[in-house]
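Source file: protein.pdb. Holds: PDB, C-alpha atoms.
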ATOM      1  CA  MET A   6     -26.786  71.739   8.589
ATOM      2  CA  LEU A   7     -30.009  69.954   7.704
ATOM      3  CA  PHE A   8     -30.259  66.389   8.943
ATOM      4  CA  VAL A   9     -32.475  63.436   8.194
ATOM      5  CA  ILE A  10     -31.676  60.690  10.673
ATOM      6  CA  ASP A  11     -32.665  57.152   9.804
ATOM      7  CA  SER A  12     -34.581  54.970  12.253
ATOM      8  CA  ASN A  13     -31.613  52.731  13.111
ATOM      9  CA  VAL A  14     -29.674  55.739  14.409
ATOM     10  CA  TYR A  15     -32.505  56.702  16.764
ATOM     11  CA  ILE A  16     -32.800  53.073  17.871
ATOM     12  CA  PHE A  17     -29.050  52.783  18.483
ATOM     13  CA  GLY A  18     -29.134  56.198  20.118
ATOM     14  CA  PHE A  19     -31.603  54.913  22.730
ATOM     15  CA  GLY A  20     -28.930  52.410  23.735
ATOM     16  CA  PHE A  21     -30.426  49.179  22.376
ATOM     17  CA  VAL A  22     -27.077  48.646  20.697
ATOM     18  CA  LYS A  23     -24.099  50.514  22.098
ATOM     19  CA  VAL A  24     -23.037  52.837  19.317
ATOM     20  CA  PRO A  25     -21.987  56.043  21.097
ATOM     21  CA  ALA A  26     -21.765  57.983  17.813
ATOM     22  CA  CYS A  27     -25.547  57.644  17.362
ATOM     23  CA  SER A  28     -26.384  59.032  20.763
ATOM     24  CA  ASN A  29     -23.740  61.749  20.354
ATOM     25  CA  LEU A  30     -25.161  62.747  16.982
ATOM     26  CA  ILE A  31     -28.656  63.241  18.389
ATOM     27  CA  LEU A  32     -27.388  65.047  21.483
ATOM     28  CA  THR A  33     -25.272  67.299  19.269
ATOM     29  CA  ILE A  34     -28.311  68.199  17.179
ATOM     30  CA  ILE A  35     -30.269  68.967  20.365
ATOM     31  CA  GLU A  36     -27.493  71.037  21.938
ATOM     32  CA  LYS A  37     -26.529  72.879  18.730
ATOM     33  CA  TYR A  38     -30.101  73.499  17.661
ATOM     34  CA  ASN A  39     -29.160  76.978  16.436
ATOM     35  CA  LEU A  40     -26.712  75.424  13.943
ATOM     36  CA  HIS A  41     -28.617  72.332  12.850
ATOM     37  CA  THR A  42     -32.102  71.459  11.651
ATOM     38  CA  LEU A  43     -33.662  68.056  12.031
ATOM     39  CA  ARG A  44     -36.343  66.685   9.693
ATOM     40  CA  ILE A  45     -38.238  63.443  10.133
ATOM     41  CA  SER A  46     -40.882  61.628   8.119
ATOM     42  CA  ARG A  47     -43.898  59.755   9.474
ATOM     43  CA  ARG A  48     -42.338  56.545   8.108
ATOM     44  CA  ILE A  49     -39.246  56.907  10.294
ATOM     45  CA  VAL A  50     -41.430  57.758  13.303
ATOM     46  CA  GLU A  51     -43.478  54.590  12.733
ATOM     47  CA  GLU A  52     -40.349  52.465  12.459
ATOM     48  CA  VAL A  53     -39.035  53.875  15.731
ATOM     49  CA  ARG A  54     -42.443  53.275  17.309
ATOM     50  CA  SER A  55     -42.306  49.580  16.532
ATOM     51  CA  HIS A  56     -39.232  49.233  18.778
ATOM     52  CA  LEU A  57     -40.480  51.214  21.795
ATOM     53  CA  SER A  58     -43.092  50.758  24.505
ATOM     54  CA  PRO A  59     -46.032  53.200  24.185
ATOM     55  CA  GLU A  60     -44.733  55.141  27.191
ATOM     56  CA  ASP A  61     -41.243  55.508  25.728
ATOM     57  CA  PHE A  62     -42.677  56.367  22.321
ATOM     58  CA  ALA A  63     -44.624  59.229  23.918
ATOM     59  CA  LYS A  64     -41.331  60.596  25.254
ATOM     60  CA  PHE A  65     -39.744  60.238  21.829
ATOM     61  CA  ILE A  66     -42.599  62.175  20.238
ATOM     62  CA  LYS A  67     -42.206  64.951  22.813
ATOM     63  CA  VAL A  68     -38.510  65.261  21.929
ATOM     64  CA  ILE A  69     -39.301  65.303  18.195
ATOM     65  CA  ASN A  70     -42.060  67.866  18.646
ATOM     66  CA  ILE A  71     -39.621  70.190  20.398
ATOM     67  CA  LEU A  72     -36.979  69.796  17.692
ATOM     68  CA  THR A  73     -39.029  69.677  14.510
ATOM     69  CA  LYS A  74     -42.347  68.753  12.946
ATOM     70  CA  ILE A  75     -43.187  65.402  11.428
ATOM     71  CA  ASP A  76     -43.574  65.360   7.645
ATOM     72  CA  GLU A  77     -46.350  63.132   6.352
ATOM     73  CA  ASP A  78     -45.268  60.467   3.860
ATOM     74  CA  PHE A  79     -47.624  61.627   1.141
ATOM     75  CA  VAL A  80     -45.751  64.888   0.650
ATOM     76  CA  VAL A  81     -42.794  63.085  -0.904
ATOM     77  CA  PRO A  82     -43.102  62.988  -4.704
ATOM     78  CA  PHE A  83     -43.515  59.460  -5.991
ATOM     79  CA  GLU A  84     -41.142  60.123  -8.889
ATOM     80  CA  ILE A  85     -38.151  60.646  -6.631
ATOM     81  CA  ALA A  86     -38.697  57.319  -4.875
ATOM     82  CA  VAL A  87     -39.058  55.526  -8.203
ATOM     83  CA  LYS A  88     -35.698  56.930  -9.254
ATOM     84  CA  TYR A  89     -34.052  55.293  -6.234
ATOM     85  CA  GLU A  90     -35.898  52.026  -6.774
ATOM     86  CA  ALA A  91     -34.501  51.999 -10.291
ATOM     87  CA  LYS A  92     -31.055  52.319  -8.738
ATOM     88  CA  GLY A  93     -31.676  49.121  -6.781
ATOM     89  CA  PHE A  94     -33.042  50.451  -3.482
ATOM     90  CA  LYS A  95     -35.774  48.432  -1.813
ATOM     91  CA  PRO A  96     -39.083  50.375  -1.799
ATOM     92  CA  ALA A  97     -38.873  51.461   1.856
ATOM     93  CA  ASP A  98     -35.233  52.509   1.511
ATOM     94  CA  ALA A  99     -36.080  54.302  -1.733
ATOM     95  CA  PHE A 100     -38.732  56.269   0.108
ATOM     96  CA  ILE A 101     -36.289  57.400   2.813
ATOM     97  CA  ALA A 102     -33.733  58.372   0.163
ATOM     98  CA  ALA A 103     -36.460  60.283  -1.713
ATOM     99  CA  TYR A 104     -37.536  62.053   1.472
ATOM    100  CA  THR A 105     -33.942  63.026   2.176
ATOM    101  CA  GLU A 106     -33.551  64.430  -1.327
ATOM    102  CA  TRP A 107     -36.936  66.143  -1.177
ATOM    103  CA  VAL A 108     -36.121  68.083   1.990
ATOM    104  CA  GLY A 109     -32.687  68.904   0.547
ATOM    105  CA  ALA A 110     -30.731  67.451   3.432
ATOM    106  CA  ILE A 111     -27.031  67.971   3.078
ATOM    107  CA  ALA A 112     -26.131  65.468   5.751
ATOM    108  CA  GLY A 113     -27.696  62.237   6.779
ATOM    109  CA  SER A 114     -27.108  59.275   8.903
ATOM    110  CA  CYS A 115     -27.988  56.363   6.695
ATOM    111  CA  ARG A 116     -24.733  55.336   5.085
ATOM    112  CA  ASP A 117     -26.291  54.259   1.784
ATOM    113  CA  THR A 118     -28.325  57.421   1.583
ATOM    114  CA  ALA A 119     -25.384  59.644   2.464
ATOM    115  CA  HIS A 120     -23.418  58.197  -0.415
ATOM    116  CA  ARG A 121     -26.152  58.056  -2.984
ATOM    117  CA  VAL A 122     -28.464  61.026  -2.538
ATOM    118  CA  PRO A 123     -27.219  63.796  -4.812
ATOM    119  CA  THR A 124     -28.156  66.725  -2.580
ATOM    120  CA  PHE A 125     -25.673  65.540   0.007
ATOM    121  CA  ARG A 126     -22.413  67.408   0.058
ATOM    122  CA  ARG A 127     -19.214  66.820   1.891
ATOM    123  CA  PHE A 128     -18.261  69.192   4.625
ATOM    124  CA  ASN A 129     -15.542  69.544   7.191
ATOM    125  CA  LEU A 130     -17.705  67.772   9.694
ATOM    126  CA  PRO A 131     -17.027  67.760  13.407
ATOM    127  CA  PRO A 132     -15.636  64.494  14.883
ATOM    128  CA  VAL A 133     -19.014  63.122  15.914
ATOM    129  CA  PHE A 134     -20.096  63.113  12.277
ATOM    130  CA  ARG A 135     -16.772  61.852  10.975
ATOM    131  CA  ARG A 136     -17.063  58.928  13.373
ATOM    132  CA  PHE A 137     -20.348  58.163  11.735
ATOM    133  CA  ASN A 138     -18.660  57.896   8.347
ATOM    134  CA  LEU A 139     -20.556  60.873   7.001
ATOM    135  CA  ALA A 140     -17.371  62.453   5.786
ATOM    136  CA  ASP A 141     -16.320  59.467   3.657
TER     137      ASP A 141
ATOM    138  CA  MET B  18     -36.715  77.514  19.801
ATOM    139  CA  LYS B  19     -36.249  78.526  23.408
ATOM    140  CA  ASN B  20     -33.401  77.406  25.623
ATOM    141  CA  LYS B  21     -35.830  75.894  28.094
ATOM    142  CA  ASP B  22     -37.292  73.771  25.281
ATOM    143  CA  ILE B  23     -33.836  72.475  24.442
ATOM    144  CA  LYS B  24     -33.177  71.658  28.064
ATOM    145  CA  GLU B  25     -36.506  69.833  28.131
ATOM    146  CA  ALA B  26     -35.635  67.931  24.920
ATOM    147  CA  LYS B  27     -32.307  66.878  26.407
ATOM    148  CA  ARG B  28     -33.954  65.855  29.676
ATOM    149  CA  LEU B  29     -36.602  63.819  27.862
ATOM    150  CA  TRP B  30     -34.008  62.190  25.624
ATOM    151  CA  GLU B  31     -31.918  61.139  28.628
ATOM    152  CA  GLU B  32     -35.033  59.898  30.418
ATOM    153  CA  LEU B  33     -35.985  57.904  27.341
ATOM    154  CA  CYS B  34     -32.533  56.298  27.103
ATOM    155  CA  LYS B  35     -32.650  55.425  30.794
ATOM    156  CA  SER B  36     -36.118  53.915  30.448
ATOM    157  CA  VAL B  37     -35.091  51.875  27.394
ATOM    158  CA  SER B  38     -32.062  50.511  29.251
ATOM    159  CA  LYS B  39     -34.374  48.990  31.865
ATOM    160  CA  LYS B  40     -36.538  47.148  29.347
ATOM    161  CA  ARG B  41     -36.041  43.925  27.455
ATOM    162  CA  ASN B  42     -33.543  44.498  24.670
ATOM    163  CA  PRO B  43     -34.813  43.042  21.357
ATOM    164  CA  PHE B  44     -31.261  43.215  19.977
ATOM    165  CA  ALA B  45     -29.537  41.475  22.877
ATOM    166  CA  GLY B  46     -26.619  39.378  21.713
ATOM    167  CA  MET B  47     -26.671  40.862  18.218
ATOM    168  CA  THR B  48     -23.811  42.661  16.528
ATOM    169  CA  LYS B  49     -24.449  46.115  15.078
ATOM    170  CA  GLU B  50     -24.790  44.613  11.596
ATOM    171  CA  GLU B  51     -27.260  41.965  12.805
ATOM    172  CA  ALA B  52     -29.294  44.654  14.558
ATOM    173  CA  ILE B  53     -29.359  46.757  11.374
ATOM    174  CA  GLU B  54     -30.573  43.705   9.482
ATOM    175  CA  ALA B  55     -33.333  43.133  12.071
ATOM    176  CA  ILE B  56     -34.384  46.799  11.842
ATOM    177  CA  ARG B  57     -34.388  46.525   8.050
ATOM    178  CA  LYS B  58     -36.742  43.522   8.237
ATOM    179  CA  VAL B  59     -39.134  45.515  10.435
ATOM    180  CA  ARG B  60     -38.935  48.372   7.914
ATOM    181  CA  GLU B  61     -39.860  46.046   5.060
ATOM    182  CA  LYS B  62     -42.683  44.462   7.076
ATOM    183  CA  LEU B  63     -44.153  47.869   7.950
ATOM    184  CA  TRP B  64     -43.829  48.970   4.349
ATOM    185  CA  GLU B  65     -45.614  45.873   3.084
ATOM    186  CA  GLU B  66     -48.404  46.362   5.628
ATOM    187  CA  LYS B  67     -48.871  49.950   4.503
ATOM    188  CA  PHE B  68     -48.770  48.936   0.858
ATOM    189  CA  ALA B  69     -51.236  46.094   1.443
ATOM    190  CA  VAL B  70     -53.694  48.443   3.132
ATOM    191  CA  ARG B  71     -53.682  50.807   0.179
ATOM    192  CA  HIS B  72     -54.128  48.181  -2.522
TER     193      HIS B  72
END
Would you put the structure from the file into structure tokens?
Amino acid sequence: MLFVIDSNVYIFGFGFVKVPACSNLILTIIEKYNLHTLRISRRIVEEVRSHLSPEDFAKFIKVINILTKIDEDFVVPFEIAVKYEAKGFKPADAFIAAYTEWVGAIAGSCRDTAHRVPTFRRFNLPPVFRRFNLAD
Amino acid sequence: MKNKDIKEAKRLWEELCKSVSKKRNPFAGMTKEEAIEAIRKVREKLWEEKFAVRH
């Protein structure tokens, strides 16, 4: 399964706010790396950065570099983001939705995106994902 | 990806979580929804900064 995880899930996953499903989701992706693929955009990385100390951010980048590569923002076609803005998304949210659609993610962690990006499909997701409302 | 890389990713992730738990929590006292709102404001601020730089 291809995942795009939004910044709030990483931030909750660190433990700033106790939401075990967020940490479990990331650990599941790490442990089941042969089953899942993680994608991340520079925008999400920058948002995570703004909540971490430089030392902790360096650790985060090491984890990301093991799991995936960072996609630069400019690779996402402008037209896709505009489509989401027209649907009422704020520009930054529209960009994340566009990125998710562009990579063809079939599962995501941002509730709005999961419900509104057309490439998403519903699967018989394991409990950790159901707890995250991805199966709704 | 090699198994040792995955073990390293898991180790780093756990180290990161431990390190974060020892630092000042910017979301202390907030509910999940309030924290999401705070994160959203940071997102918008970063977006505006990026937009302002380009135009």
**OP:** With a distance threshold of 10 Å and counting all atoms listed in the file, extract the residues of chain A near chain B and express them as number ranges by chain.
**Re:** A: 12-14, 16-24, 28, 31-32, 35-39, 48-49, 51-53, 55-58, 60-73, 95-98, 100
**OP:** Step by step: start from the point (-34.7, 52.0, -5.4) in the file's coordinates, keep every protein, DNA or RNA residue that has an atom no farther than 12 Å from it, count all atoms listed in the file, and write the set as a ChimeraX atom specification.
**Re:** /A:83-103,117-118,121-122
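Reported to one decimal place, the separation of atom CA of Met6 of chain A from atom CA of Phe79 of chain A is 24.3 Å.
One finds atom CA of Glu77 of chain A at 5.9 Å from atom CA of Ser46 of chain A.
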Original post:
What is the distance between atom CA of Pro25 of chain A and atom CA of Asp76 of chain A, in Å to one decimal?
Top reply: 27.1 Å
Determine the axis-aligned bounding box of all atoms of segment 40-59 of chain B present in the file, pad each side by 4 Å, and express its centre and edge lengths in Å to one decimal place as lines of an AutoDock Vina configuration file.
center_x = -31.5
center_y = 43.3
center_z = 18.7
size_x = 23.3
size_y = 15.8
size_z = 29.3
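Among the candidates A:Val80, A:Val9, A:Ile45, A:Val50, the residue lying nearest to Leu30 of chain A is A:Val9 (atoms considered: only C-alpha atoms).
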